[in-house]
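K.L.:
Okay, here's the structure, questions in a sec.
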Protein chains: 2
Amino acid sequence: MSPRSAVVVTGSELTRGGRQDANGPFLARELAARGLEPARILVIGDRPDELEAALREGLGADLLVTSGGLGPTHDDRTVEVLARVAGRDVVVDEGLEARIGEFSRSLAERYGRPYSEFEMGVRKQASLPEGALVLGLAGTAPGLVLEVDGTVTIVLPGPPGELRRLWKKAVEAAPVRAVFERAEAPERRVLRFYGVSESAVARALAEAGGEGDGVEATICAHDGEIEMLLLGGSEHVAQPVREALAPYLFAEDERSAAEIVLEACRERGVSLAAAESCTGGLVAARLTSVPGSSDVFRGAIVAYDDVVKANQLGVPEGILAAHGAVSAETAEAMAAGARGAFEADVAVSVTGIAGPAGATPQKPVGLVFLHAQGPAGNDRLEIRFNGDRDAVRSRATAAALHLVRRLLTQSSHEQA
Amino acid sequence: MSPRSAVVVTGSELTRGGRQDANGPFLARELAARGLEPARILVIGDRPDELEAALREGLGADLLVTSGGLGPTHDDRTVEVLARVAGRDVVVDEGLEARIGEFSRSLAERYGRPYSEFEMGVRKQASLPEGALVLGLAGTAPGLVLEVDGTVTIVLPGPPGELRRLWKKAVEAAPVRAVFERAEAPERRVLRFYGVSESAVARALAEAGGEGDGVEATICAHDGEIEMLLLGGSEHVAQPVREALAPYLFAEDERSAAEIVLEACRERGVSLAAAESCTGGLVAARLTSVPGSSDVFRGAIVAYDDVVKANQLGVPEGILAAHGAVSAETAEAMAAGARGAFEADVAVSVTGIAGPAGATPQKPVGLVFLHAQGPAGNDRLEIRFNGDRDAVRSRATAAALHLVRRLLTQSSHEQA
């Protein structure tokens, strides 16, 4: 029987404070890729009775992963409650206490506080259920692996960066590898589309045979990018889908659109710049989030004011007067201006109405003009996005990245 | 006895695909503010047996809110499973079918598809458990309220924008208001700090008496901003905390730092621009995410290349040569350059090493220099951020916003 996993994420900032959980989805995706998709992700607050109930429930699985509750304050109860549920004592690991103490001394120095203020927290964070395997430290909290009545439990700290670092160690720990070996990592295909509707992608899946016969499919849309995740022996489904949606398929891996654009620039030896209005810096931010983007990306001008469009990007006053800031003509002039200002080979521009204000009778909220210009020519896009201000901005940002991708990967042509 | 709530969020993109859940935290925060904080948020995939188990569990509460599973495809099972668990028939609401049909016809036209492809989905989305109250449509999915054996169930679509729109209607529905009236919305205080460590905030809370006596506290840190949420009659705790941390307290409401900065500019009749290097557009993006920012914000230059710093921002070659791109001198020149280029009263600049590459023996990853300049003077900050590339960038962005806030709200002074 295939082993099962459970994921428990704790923190009252999640059940009360509106904070989004980044750990549950990360862990679930990692587990699903190994054939251990959790049936549910349980997100709980700091109440000890809820924590106990959730851990007991999680211990019904073969692998339980917990996030949070490993800090130095009274609210942090994961170790104490897990030990109680597991019927173990809590013991202080003195080697660990020394290491956490050393790290805390440097924090104390840095904050100008006496070490005595940290001492109790250090001792608490070095207190573990008897028999726990220490994965390592990230910050002041240790990651742990504990076997409880046949369930391998991985106990990780809440801050997402710390959790991901210690997860990399957890997957190497012997008890965890033993569970992974009993699971069967499913075949996994990712097909990513842009420029087509989610319903068309769903239809292509259905026409290719859909789910069943060991094939599970998830279709997920985000800012116009549609991701089809196929688990199981799915080539007989993937191939017809690829063919039906060939013009829209832009990747079969997890690279972001920004990474794909930067690689396309790198391969062609071209530099890139951006001129943004309604996206306000999001295009540049997404490109620069990729390490190494400075090889290719020279910069951007966020021209929020029309005067800036004229002064910084050299958009002719005549074009602004005749067509307005939100127009194909202005988008083209912005792209050309960015190429010149940054001495870049390729530039992309975005100008539109993000809303809620700014619409005119001819130009509604969501109307956006984009332009990509390079040595090979031009590519243009006019589109009306649905949704609120945030949605229009992030969808326009994705559109800008895909427009550059298209300019670079196809022969030059114009789009209505 | 105070009524209890449950939140069930469905979608395999959450349990398998790595997508973060935005709905659970939103709903939980809304419920907590009304005195109905859910004990847990349950995130499940698309499997019908899991959905049934989760709904049965949720129906143990007085108020159950579900998200997702209301689409037109076979994967969308919330209505069917809820009806089964509630022992109700599923009936087609013909008025609703007409409305969804009308909306789908315009989608069909827009995508150039025959309406026949949408028909089955329309009928499915107009099929409701008998006795359900329709809240309205967002997209093609209706929001519903259904009373099941004493539990008021609110059934909402998965896309976050749609869920939030229909939630506004749900809270006005009579059965929902009846549950809210039985709950007691707790007193609620939010204290937000910047420039102080999370441990110092935790210490101030403890010294003020901490939790207990009807006071619940959550401390949540994000990009250097520390939020203390106090529920219950907590003024006797809040006041000592305010006093102890007065220099760091920047808000007692939920406005973002960007909103606060723009309001401060508006109040003083000043315009704002930005010059960014390692933050790559994030400062401009956060400012422009606020509707109405164009009153104040003129634009930004993302100067990713040193040549751009010189050409676009007028940073003297001598400064770049003597001190390097990552220096207090360059940050000052960038801010002055942005003020000039955008004819802005105030400008903020950021230059640093986001990592993982780019460090030198003297300048480690995470080192960032910031500068804010306005009519009243200058404010400077040199800081070394922990964390990976994303963390350095988002922490530096928050630092830039708070530096402008500080420049505007205090008399001009220099910071080391």
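Residues in the structure tokens are numbered from 1 in each chain, the chains being A, B, ... in the order shown, and ligands are numbered from 1 in the order shown.
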Give as a ChimeraX atom specification every residue of chain B that touches chain A within 7 Å, counting only C-alpha atoms.

P.N.:
/B:12-22,25-26,28-29,32,37-45,50,218,220,280-282,284-285,288-289,294,297-305,308,342,390

K.L.:
For a quick check: superposing chain A on chain B using all C-alpha atoms in order, what RMSD comes out?

P.N.:
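After superposition, the RMSD is 0.0 Å.
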
K.L.:
Between CA of Ala251 in chain A and CA of Arg192 in chain A, what is the spacing in Å?

P.N.:
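Computing the Euclidean distance for CA of Arg192 in chain A and CA of Ala251 in chain A yields 5.3 Å.
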
K.L.:
Can you pull out every residue from range 129-344 of chain A that DSSP, working from the backbone, puts in helix (DSSP H, G or I), and format the result as a short mmCIF file (atom, residue, chain, number, x, y, z; two decimals) with N, CA and C atoms, in the first residue's frame?

P.N.:
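Saved the output as result.cif:
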```cif
data_model
loop_
_atom_site.label_atom_id
_atom_site.label_comp_id
_atom_site.auth_asym_id
_atom_site.auth_seq_id
_atom_site.Cartn_x
_atom_site.Cartn_y
_atom_site.Cartn_z
N PRO A 160 9.72 30.67 5.94
CA PRO A 160 9.84 29.85 4.73
C PRO A 160 11.28 29.59 4.25
N GLY A 161 12.15 30.59 4.32
CA GLY A 161 13.52 30.35 3.91
C GLY A 161 14.19 29.29 4.76
N GLU A 162 13.93 29.35 6.07
CA GLU A 162 14.52 28.36 6.99
C GLU A 162 13.93 26.99 6.72
N LEU A 163 12.62 26.93 6.47
CA LEU A 163 11.98 25.64 6.21
C LEU A 163 12.56 24.99 4.96
N ARG A 164 12.75 25.78 3.91
CA ARG A 164 13.25 25.19 2.67
C ARG A 164 14.68 24.69 2.81
N ARG A 165 15.49 25.44 3.57
CA ARG A 165 16.88 25.01 3.78
C ARG A 165 16.91 23.68 4.52
N LEU A 166 16.12 23.58 5.59
CA LEU A 166 16.15 22.34 6.38
C LEU A 166 15.42 21.20 5.67
N TRP A 167 14.47 21.49 4.81
CA TRP A 167 13.80 20.44 4.03
C TRP A 167 14.83 19.71 3.16
N LYS A 168 15.77 20.46 2.61
CA LYS A 168 16.81 19.84 1.78
C LYS A 168 17.60 18.81 2.58
N LYS A 169 17.77 19.04 3.88
CA LYS A 169 18.45 18.08 4.72
C LYS A 169 17.50 16.94 5.11
N ALA A 170 16.23 17.30 5.32
CA ALA A 170 15.27 16.29 5.75
C ALA A 170 15.17 15.17 4.71
N ALA A 174 17.92 9.29 6.77
CA ALA A 174 17.62 7.87 6.50
C ALA A 174 16.15 7.49 6.71
N PRO A 175 15.52 7.87 7.84
CA PRO A 175 14.12 7.44 8.02
C PRO A 175 13.20 8.02 6.94
N VAL A 176 13.55 9.23 6.49
CA VAL A 176 12.70 9.88 5.48
C VAL A 176 12.90 9.19 4.12
N ARG A 177 14.15 8.89 3.81
CA ARG A 177 14.42 8.19 2.55
C ARG A 177 13.74 6.84 2.52
N ALA A 178 13.65 6.21 3.67
CA ALA A 178 12.98 4.90 3.72
C ALA A 178 11.51 5.03 3.32
N VAL A 179 10.85 6.09 3.76
CA VAL A 179 9.44 6.28 3.36
C VAL A 179 9.37 6.59 1.87
N PHE A 180 10.26 7.46 1.41
CA PHE A 180 10.25 7.84 -0.02
C PHE A 180 10.43 6.60 -0.90
N GLU A 181 11.27 5.68 -0.43
CA GLU A 181 11.53 4.50 -1.26
C GLU A 181 10.30 3.62 -1.38
N ARG A 182 9.42 3.68 -0.41
CA ARG A 182 8.19 2.89 -0.48
C ARG A 182 7.14 3.53 -1.38
N GLU A 198 -8.32 29.25 -20.46
CA GLU A 198 -8.31 28.05 -19.61
C GLU A 198 -9.32 27.04 -20.13
N SER A 199 -10.46 27.53 -20.63
CA SER A 199 -11.47 26.58 -21.10
C SER A 199 -10.99 25.85 -22.34
N ALA A 200 -10.22 26.51 -23.21
CA ALA A 200 -9.67 25.83 -24.38
C ALA A 200 -8.67 24.76 -23.97
N VAL A 201 -7.90 25.04 -22.93
CA VAL A 201 -6.94 24.05 -22.45
C VAL A 201 -7.68 22.85 -21.85
N ALA A 202 -8.75 23.15 -21.09
CA ALA A 202 -9.55 22.06 -20.51
C ALA A 202 -10.16 21.22 -21.60
N ARG A 203 -10.60 21.88 -22.68
CA ARG A 203 -11.21 21.16 -23.79
C ARG A 203 -10.17 20.27 -24.48
N ALA A 204 -8.96 20.79 -24.67
CA ALA A 204 -7.91 19.99 -25.31
C ALA A 204 -7.60 18.76 -24.48
N LEU A 205 -7.61 18.93 -23.16
CA LEU A 205 -7.38 17.79 -22.27
C LEU A 205 -8.48 16.75 -22.43
N ALA A 206 -9.72 17.23 -22.42
CA ALA A 206 -10.86 16.31 -22.55
C ALA A 206 -10.79 15.56 -23.89
N GLU A 207 -10.48 16.27 -24.95
CA GLU A 207 -10.41 15.64 -26.27
C GLU A 207 -9.26 14.67 -26.39
N GLU A 235 1.78 10.26 -21.45
CA GLU A 235 2.27 10.72 -22.75
C GLU A 235 1.17 10.66 -23.81
N HIS A 236 0.27 9.66 -23.72
CA HIS A 236 -0.79 9.51 -24.72
C HIS A 236 -1.82 10.64 -24.63
N VAL A 237 -1.79 11.33 -23.49
CA VAL A 237 -2.66 12.50 -23.33
C VAL A 237 -1.86 13.77 -23.66
N ALA A 238 -0.61 13.81 -23.21
CA ALA A 238 0.21 15.02 -23.41
C ALA A 238 0.43 15.31 -24.89
N GLN A 239 0.68 14.25 -25.67
CA GLN A 239 1.04 14.50 -27.07
C GLN A 239 -0.09 15.16 -27.87
N PRO A 240 -1.31 14.63 -27.82
CA PRO A 240 -2.39 15.34 -28.53
C PRO A 240 -2.60 16.77 -28.01
N VAL A 241 -2.40 16.97 -26.72
CA VAL A 241 -2.55 18.32 -26.16
C VAL A 241 -1.47 19.25 -26.72
N ARG A 242 -0.25 18.75 -26.79
CA ARG A 242 0.83 19.57 -27.37
C ARG A 242 0.48 19.98 -28.79
N GLU A 243 -0.02 19.03 -29.54
CA GLU A 243 -0.32 19.31 -30.94
C GLU A 243 -1.47 20.28 -31.08
N ALA A 244 -2.52 20.05 -30.28
CA ALA A 244 -3.70 20.91 -30.40
C ALA A 244 -3.38 22.36 -30.02
N ALA A 246 -0.20 23.82 -29.90
CA ALA A 246 1.20 24.11 -30.20
C ALA A 246 1.57 25.60 -30.22
N PRO A 247 0.75 26.46 -30.81
CA PRO A 247 1.18 27.87 -30.87
C PRO A 247 1.28 28.53 -29.50
N TYR A 248 0.64 27.90 -28.48
CA TYR A 248 0.57 28.56 -27.17
C TYR A 248 1.51 27.92 -26.15
N ALA A 257 8.53 32.80 -16.71
CA ALA A 257 8.57 33.51 -17.99
C ALA A 257 9.78 34.45 -18.03
N ALA A 258 10.09 35.07 -16.89
CA ALA A 258 11.25 35.97 -16.85
C ALA A 258 12.55 35.22 -17.15
N GLU A 259 12.70 34.03 -16.56
CA GLU A 259 13.90 33.23 -16.84
C GLU A 259 13.97 32.87 -18.31
N ILE A 260 12.84 32.49 -18.88
CA ILE A 260 12.81 32.10 -20.29
C ILE A 260 13.20 33.28 -21.18
N VAL A 261 12.69 34.46 -20.86
CA VAL A 261 13.02 35.65 -21.65
C VAL A 261 14.51 35.96 -21.56
N LEU A 262 15.06 35.92 -20.34
CA LEU A 262 16.48 36.25 -20.16
C LEU A 262 17.36 35.25 -20.90
N GLU A 263 16.99 33.96 -20.85
CA GLU A 263 17.76 32.96 -21.59
C GLU A 263 17.69 33.19 -23.09
N ALA A 264 16.50 33.55 -23.57
CA ALA A 264 16.37 33.82 -25.00
C ALA A 264 17.26 35.00 -25.40
N CYS A 265 17.33 36.00 -24.54
CA CYS A 265 18.21 37.15 -24.82
C CYS A 265 19.66 36.72 -24.80
N ARG A 266 20.02 35.94 -23.79
CA ARG A 266 21.39 35.49 -23.65
C ARG A 266 21.83 34.69 -24.87
N GLU A 267 20.96 33.77 -25.30
CA GLU A 267 21.27 32.92 -26.46
C GLU A 267 21.52 33.75 -27.72
N ARG A 268 20.81 34.88 -27.82
CA ARG A 268 20.93 35.71 -29.01
C ARG A 268 21.92 36.85 -28.82
N LEU A 282 6.77 46.41 -12.23
CA LEU A 282 6.62 44.96 -12.06
C LEU A 282 7.37 44.16 -13.11
N VAL A 283 7.43 44.67 -14.34
CA VAL A 283 8.15 43.93 -15.38
C VAL A 283 9.64 43.88 -15.01
N ALA A 284 10.19 45.03 -14.68
CA ALA A 284 11.60 45.07 -14.28
C ALA A 284 11.84 44.22 -13.04
N ALA A 285 10.91 44.29 -12.08
CA ALA A 285 11.08 43.53 -10.84
C ALA A 285 11.10 42.03 -11.12
N ARG A 286 10.24 41.57 -12.02
CA ARG A 286 10.23 40.13 -12.32
C ARG A 286 11.50 39.71 -13.05
N LEU A 287 11.95 40.53 -13.97
CA LEU A 287 13.18 40.18 -14.67
C LEU A 287 14.36 40.15 -13.70
N THR A 288 14.44 41.15 -12.84
CA THR A 288 15.60 41.23 -11.93
C THR A 288 15.50 40.27 -10.76
N SER A 293 20.44 38.19 -14.02
CA SER A 293 19.72 39.00 -15.00
C SER A 293 20.55 40.20 -15.45
N SER A 294 21.52 40.61 -14.63
CA SER A 294 22.30 41.78 -15.00
C SER A 294 23.17 41.54 -16.22
N ASP A 295 23.35 40.28 -16.62
CA ASP A 295 24.04 39.98 -17.88
C ASP A 295 23.33 40.61 -19.05
N ASP A 306 2.85 61.65 -17.72
CA ASP A 306 3.05 61.87 -19.16
C ASP A 306 4.29 62.70 -19.44
N VAL A 307 4.56 63.67 -18.57
CA VAL A 307 5.76 64.49 -18.74
C VAL A 307 7.00 63.60 -18.72
N VAL A 308 6.98 62.62 -17.87
CA VAL A 308 8.10 61.67 -17.80
C VAL A 308 8.19 60.87 -19.10
N LYS A 309 7.05 60.46 -19.61
CA LYS A 309 7.07 59.72 -20.89
C LYS A 309 7.75 60.58 -21.95
N ALA A 310 7.46 61.86 -21.94
CA ALA A 310 8.07 62.75 -22.93
C ALA A 310 9.55 62.97 -22.63
N ASN A 311 9.86 63.37 -21.40
CA ASN A 311 11.23 63.74 -21.07
C ASN A 311 12.19 62.57 -21.01
N GLN A 312 11.79 61.51 -20.33
CA GLN A 312 12.71 60.39 -20.12
C GLN A 312 12.73 59.40 -21.27
N LEU A 313 11.59 59.25 -21.92
CA LEU A 313 11.52 58.25 -22.99
C LEU A 313 11.46 58.87 -24.38
N GLU A 317 5.56 64.79 -28.08
CA GLU A 317 4.35 65.44 -27.56
C GLU A 317 3.20 65.28 -28.54
N GLY A 318 3.52 65.28 -29.83
CA GLY A 318 2.49 65.13 -30.85
C GLY A 318 1.75 63.81 -30.75
N ILE A 319 2.48 62.76 -30.44
CA ILE A 319 1.85 61.44 -30.29
C ILE A 319 0.97 61.41 -29.04
N LEU A 320 1.49 61.97 -27.94
CA LEU A 320 0.68 62.00 -26.72
C LEU A 320 -0.59 62.81 -26.95
N ALA A 321 -0.44 63.93 -27.67
CA ALA A 321 -1.60 64.79 -27.90
C ALA A 321 -2.61 64.12 -28.83
N ALA A 322 -2.11 63.45 -29.87
CA ALA A 322 -3.03 62.88 -30.87
C ALA A 322 -3.68 61.58 -30.39
N HIS A 323 -2.92 60.74 -29.69
CA HIS A 323 -3.42 59.39 -29.37
C HIS A 323 -3.61 59.13 -27.88
N ALA A 328 -1.40 52.49 -28.92
CA ALA A 328 -0.36 51.69 -29.56
C ALA A 328 0.82 52.57 -29.97
N GLU A 329 0.49 53.78 -30.39
CA GLU A 329 1.55 54.71 -30.84
C GLU A 329 2.47 55.09 -29.69
N THR A 330 1.87 55.39 -28.55
CA THR A 330 2.69 55.74 -27.38
C THR A 330 3.50 54.55 -26.91
N ALA A 331 2.88 53.37 -26.94
CA ALA A 331 3.62 52.16 -26.53
C ALA A 331 4.84 51.97 -27.42
N GLU A 332 4.67 52.19 -28.72
CA GLU A 332 5.81 52.02 -29.64
C GLU A 332 6.89 53.06 -29.35
N ALA A 333 6.46 54.30 -29.13
CA ALA A 333 7.44 55.35 -28.85
C ALA A 333 8.17 55.09 -27.52
N MET A 334 7.45 54.54 -26.54
CA MET A 334 8.08 54.23 -25.25
C MET A 334 9.14 53.14 -25.43
N ALA A 335 8.82 52.13 -26.23
CA ALA A 335 9.79 51.04 -26.42
C ALA A 335 11.02 51.56 -27.15
N ALA A 336 10.78 52.36 -28.18
CA ALA A 336 11.92 52.92 -28.92
C ALA A 336 12.75 53.82 -28.02
N GLY A 337 12.07 54.60 -27.18
CA GLY A 337 12.77 55.49 -26.26
C GLY A 337 13.62 54.72 -25.26
N ALA A 338 13.10 53.60 -24.76
CA ALA A 338 13.86 52.80 -23.80
C ALA A 338 15.08 52.18 -24.46
N ARG A 339 14.93 51.72 -25.69
CA ARG A 339 16.08 51.17 -26.41
C ARG A 339 17.19 52.21 -26.51
N GLY A 340 16.78 53.43 -26.85
CA GLY A 340 17.77 54.50 -26.99
C GLY A 340 18.38 54.88 -25.65
N ALA A 341 17.53 55.11 -24.67
CA ALA A 341 18.00 55.59 -23.38
C ALA A 341 18.95 54.58 -22.72
N PHE A 342 18.67 53.30 -22.87
CA PHE A 342 19.48 52.28 -22.21
C PHE A 342 20.50 51.64 -23.15
#
```

K.L.:
How many Å lie between CA of Ala86 in chain B and CA of Thr140 in chain B, rounded to one decimal?

P.N.:
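Separation between CA of Ala86 in chain B and CA of Thr140 in chain B: 23.9 Å.
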
K.L.:
Could you write out, as a PyMOL selection string, all the residues of range 208-363 of chain B that DSSP marks as strand (DSSP E)?

P.N.:
chain B and resi 216-222+225-231+249-251+272-276+297-303+346-352

K.L.:
Between A:Arg395, A:Gly101, A:Val171, A:Asp253, which is the closest to Glu225 in chain A once you count only C-alpha atoms?

P.N.:
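Nearest to Glu225 in chain A: A:Arg395.
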
K.L.:
Select, from B:Gly324, B:Gly139, B:Ala6, B:Val85, the residue with the minimum atom-to-atom distance to Ser106 in chain B, counting only C-alpha atoms.

P.N.:
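Closest candidate: B:Gly139.
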
K.L.:
Which residues, written as a list in words, have at least one atom at most 7 Å from range 148-154 of chain B, with only C-alpha atoms counted and residues fewer than 4 positions away on the same chain left out?

P.N.:
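That gives Leu59, Ala61, Asp62, Leu63, Leu64, Val65, Thr66, Ala86, Leu144, Pro175 and Val176 of chain B.
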
K.L.:
Could you check how far CA of Val79 in chain B sits from CA of Arg34 in chain B, in Å to one decimal?

P.N.:
26.6 Å
